[in-house]
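Visitor: Have a look at this one.
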Amino acid sequence: MADAASPARALIVPKGRSRCGEPLAIVPDVWTLKVAAADTGGALSVMTWEGHSPGGPPLHMHHVQDEVVIVKAGRYRFQCGDDQFDLGEGDSIFLPRRVPHSFCQLSSSGRLCYLYTPAGASA
(Lines give C-alpha, C1' and ligand atoms only; values in the text may rest on other atoms or scores of the structure.)
Protein backbone atom coordinates (compact mmCIF):
# COMPACT_ATOMS: atom_id res chain seq x y z
CA MET A 1 0.00 0.00 0.00
CA ALA A 2 1.39 3.41 -0.98
CA ASP A 3 1.63 6.22 1.56
CA ALA A 4 1.83 9.97 0.87
CA ALA A 5 5.56 9.68 0.06
CA SER A 6 5.26 6.61 -2.21
CA PRO A 7 3.62 6.51 -5.62
CA ALA A 8 1.12 3.71 -6.09
CA ARG A 9 2.77 2.66 -9.36
CA ALA A 10 6.00 2.91 -11.30
CA LEU A 11 6.77 6.15 -13.10
CA ILE A 12 8.52 6.09 -16.48
CA VAL A 13 9.84 9.24 -18.16
CA PRO A 14 11.39 8.48 -21.57
CA LYS A 15 14.76 9.87 -22.61
CA GLY A 16 14.45 13.44 -23.85
CA ARG A 17 11.09 13.95 -22.12
CA SER A 18 10.19 15.77 -18.91
CA ARG A 19 7.75 14.65 -16.24
CA CYS A 20 5.60 17.75 -16.66
CA GLY A 21 5.69 18.68 -20.34
CA GLU A 22 8.68 19.71 -22.37
CA PRO A 23 12.18 20.13 -20.91
CA LEU A 24 13.04 23.66 -19.81
CA ALA A 25 15.63 25.19 -22.12
CA ILE A 26 17.68 27.96 -20.54
CA VAL A 27 19.79 28.56 -23.63
CA PRO A 28 22.07 26.84 -24.25
CA ASP A 29 21.33 24.35 -21.43
CA VAL A 30 18.37 22.02 -20.84
CA TRP A 31 16.74 21.08 -17.49
CA THR A 32 14.45 18.03 -17.43
CA LEU A 33 12.19 17.10 -14.52
CA LYS A 34 12.16 13.31 -14.07
CA VAL A 35 10.44 12.90 -10.68
CA ALA A 36 8.21 15.70 -9.40
CA ALA A 37 7.47 16.66 -5.80
CA ALA A 38 3.85 15.64 -6.39
CA ASP A 39 5.02 12.13 -7.33
CA THR A 40 6.62 11.56 -3.91
CA GLY A 41 4.47 13.54 -1.51
CA GLY A 42 7.23 16.17 -1.47
CA ALA A 43 9.90 13.74 -0.25
CA LEU A 44 12.13 13.78 -3.34
CA SER A 45 12.53 15.30 -6.79
CA VAL A 46 14.93 14.36 -9.57
CA MET A 47 16.13 16.50 -12.47
CA THR A 48 18.67 16.12 -15.23
CA TRP A 49 20.78 18.86 -16.77
CA GLU A 50 22.50 18.98 -20.16
CA GLY A 51 25.16 21.62 -20.49
CA HIS A 52 26.10 22.70 -24.01
CA SER A 53 28.85 25.18 -23.12
CA PRO A 54 31.22 25.84 -20.22
CA GLY A 55 29.84 27.76 -17.24
CA GLY A 56 27.22 27.28 -14.56
CA PRO A 57 24.87 28.91 -12.08
CA PRO A 58 25.83 31.57 -9.53
CA LEU A 59 26.63 30.65 -5.94
CA HIS A 60 23.33 29.88 -4.20
CA MET A 61 21.89 27.89 -1.31
CA HIS A 62 18.83 25.82 -0.54
CA HIS A 63 17.43 26.48 2.92
CA VAL A 64 15.42 23.26 3.20
CA GLN A 65 16.73 20.81 0.56
CA ASP A 66 19.80 18.61 0.56
CA GLU A 67 21.12 18.00 -2.97
CA VAL A 68 23.01 15.10 -4.52
CA VAL A 69 24.57 15.58 -7.95
CA ILE A 70 25.81 12.71 -10.11
CA VAL A 71 28.07 13.54 -13.06
CA LYS A 72 26.88 11.52 -16.07
CA ALA A 73 29.28 13.11 -18.60
CA GLY A 74 31.78 15.97 -18.72
CA ARG A 75 34.10 17.67 -16.21
CA TYR A 76 32.92 20.02 -13.46
CA ARG A 77 34.27 22.12 -10.62
CA PHE A 78 31.88 22.27 -7.67
CA GLN A 79 32.07 24.74 -4.83
CA CYS A 80 30.47 23.93 -1.47
CA GLY A 81 31.15 26.53 1.18
CA ASP A 82 34.86 27.38 0.94
CA ASP A 83 35.81 24.03 -0.63
CA GLN A 84 36.21 23.24 -4.34
CA PHE A 85 36.10 19.78 -5.93
CA ASP A 86 36.81 18.64 -9.51
CA LEU A 87 34.45 15.87 -10.64
CA GLY A 88 34.13 13.75 -13.76
CA GLU A 89 31.91 11.05 -15.19
CA GLY A 90 30.65 8.70 -12.49
CA ASP A 91 31.55 11.00 -9.59
CA SER A 92 28.92 12.34 -7.19
CA ILE A 93 28.72 15.07 -4.58
CA PHE A 94 26.42 15.71 -1.63
CA LEU A 95 25.57 19.41 -1.12
CA PRO A 96 24.01 20.00 2.31
CA ARG A 97 21.20 22.46 2.88
CA ARG A 98 22.10 25.95 4.11
CA VAL A 99 25.62 25.81 2.60
CA PRO A 100 26.30 28.07 -0.44
CA HIS A 101 27.21 26.01 -3.50
CA SER A 102 27.62 26.14 -7.26
CA PHE A 103 29.31 24.40 -10.14
CA CYS A 104 31.17 25.31 -13.29
CA GLN A 105 31.13 23.00 -16.30
CA LEU A 106 34.73 22.80 -17.48
CA SER A 107 34.12 20.69 -20.60
CA SER A 108 32.32 21.80 -23.77
CA SER A 109 29.35 19.58 -22.91
CA GLY A 110 28.14 17.58 -19.96
CA ARG A 111 25.24 15.94 -18.19
CA LEU A 112 24.24 15.92 -14.53
CA CYS A 113 21.54 14.19 -12.49
CA TYR A 114 20.18 16.05 -9.43
CA LEU A 115 18.31 14.58 -6.47
CA TYR A 116 16.66 16.98 -4.00
CA THR A 117 15.24 15.97 -0.64
CA PRO A 118 12.77 17.08 0.44
CA ALA A 119 11.54 18.11 -2.97
CA GLY A 120 10.44 21.64 -2.13
CA ALA A 121 7.70 23.70 -3.72
CA SER A 122 9.60 24.56 -6.91
CA ALA A 123 10.84 21.06 -7.84
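Ordering of the C-alpha coordinates sets the chain letters (A, B, ...); residue numbers start at 1 within each chain; ligands are numbered from 1 in the order shown.
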Give me the residues near Gly56 (chain A) as a PyMOL selection string, where near means some atom within 10 Å (using only C-alpha atoms) and where sequence neighbours in that chain fewer than 4 positions away do not count.
Guide: chain A and resi 29+51+76-78+102-106
Visitor: Taking only chain A into account, list the residues labelled strand (DSSP E or B) by DSSP (computed from the backbone), as a PyMOL selection string.
Guide: chain A and resi 18+21+24-26+29-35+45-51+55+60+66-73+76-80+83-87+92-95+101-105+110-117
Visitor: May I have the residues within 9 Å of Thr32 (chain A) as a ChimeraX atom specification, using only C-alpha atoms and disregarding those fewer than 3 positions away in the same chain?
Guide: /A:16-20,22-25,46-50
Visitor: Report, in Å with one decimal, the straight-line distance from CA of Ser109 (chain A) to CA of Gly55 (chain A).
Guide: 10.0 Å
Visitor: Given the choices A:Arg9, A:Ser53, A:Cys80, A:Pro58, which gets closest to Phe94 (chain A) if the distance is worked out from only C-alpha atoms?
Guide: A:Cys80
Visitor: How many Å lie between CA of His101 (chain A) and CA of Glu67 (chain A), rounded to one decimal?
Guide: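 Those two atoms sit 10.1 Å apart.
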Visitor: Kindly give the distance, in Å, that separates CA of Pro118 (chain A) and CA of Val27 (chain A), rounded to a single decimal.
Guide: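 Computing it gives 27.6 Å between the two atoms.
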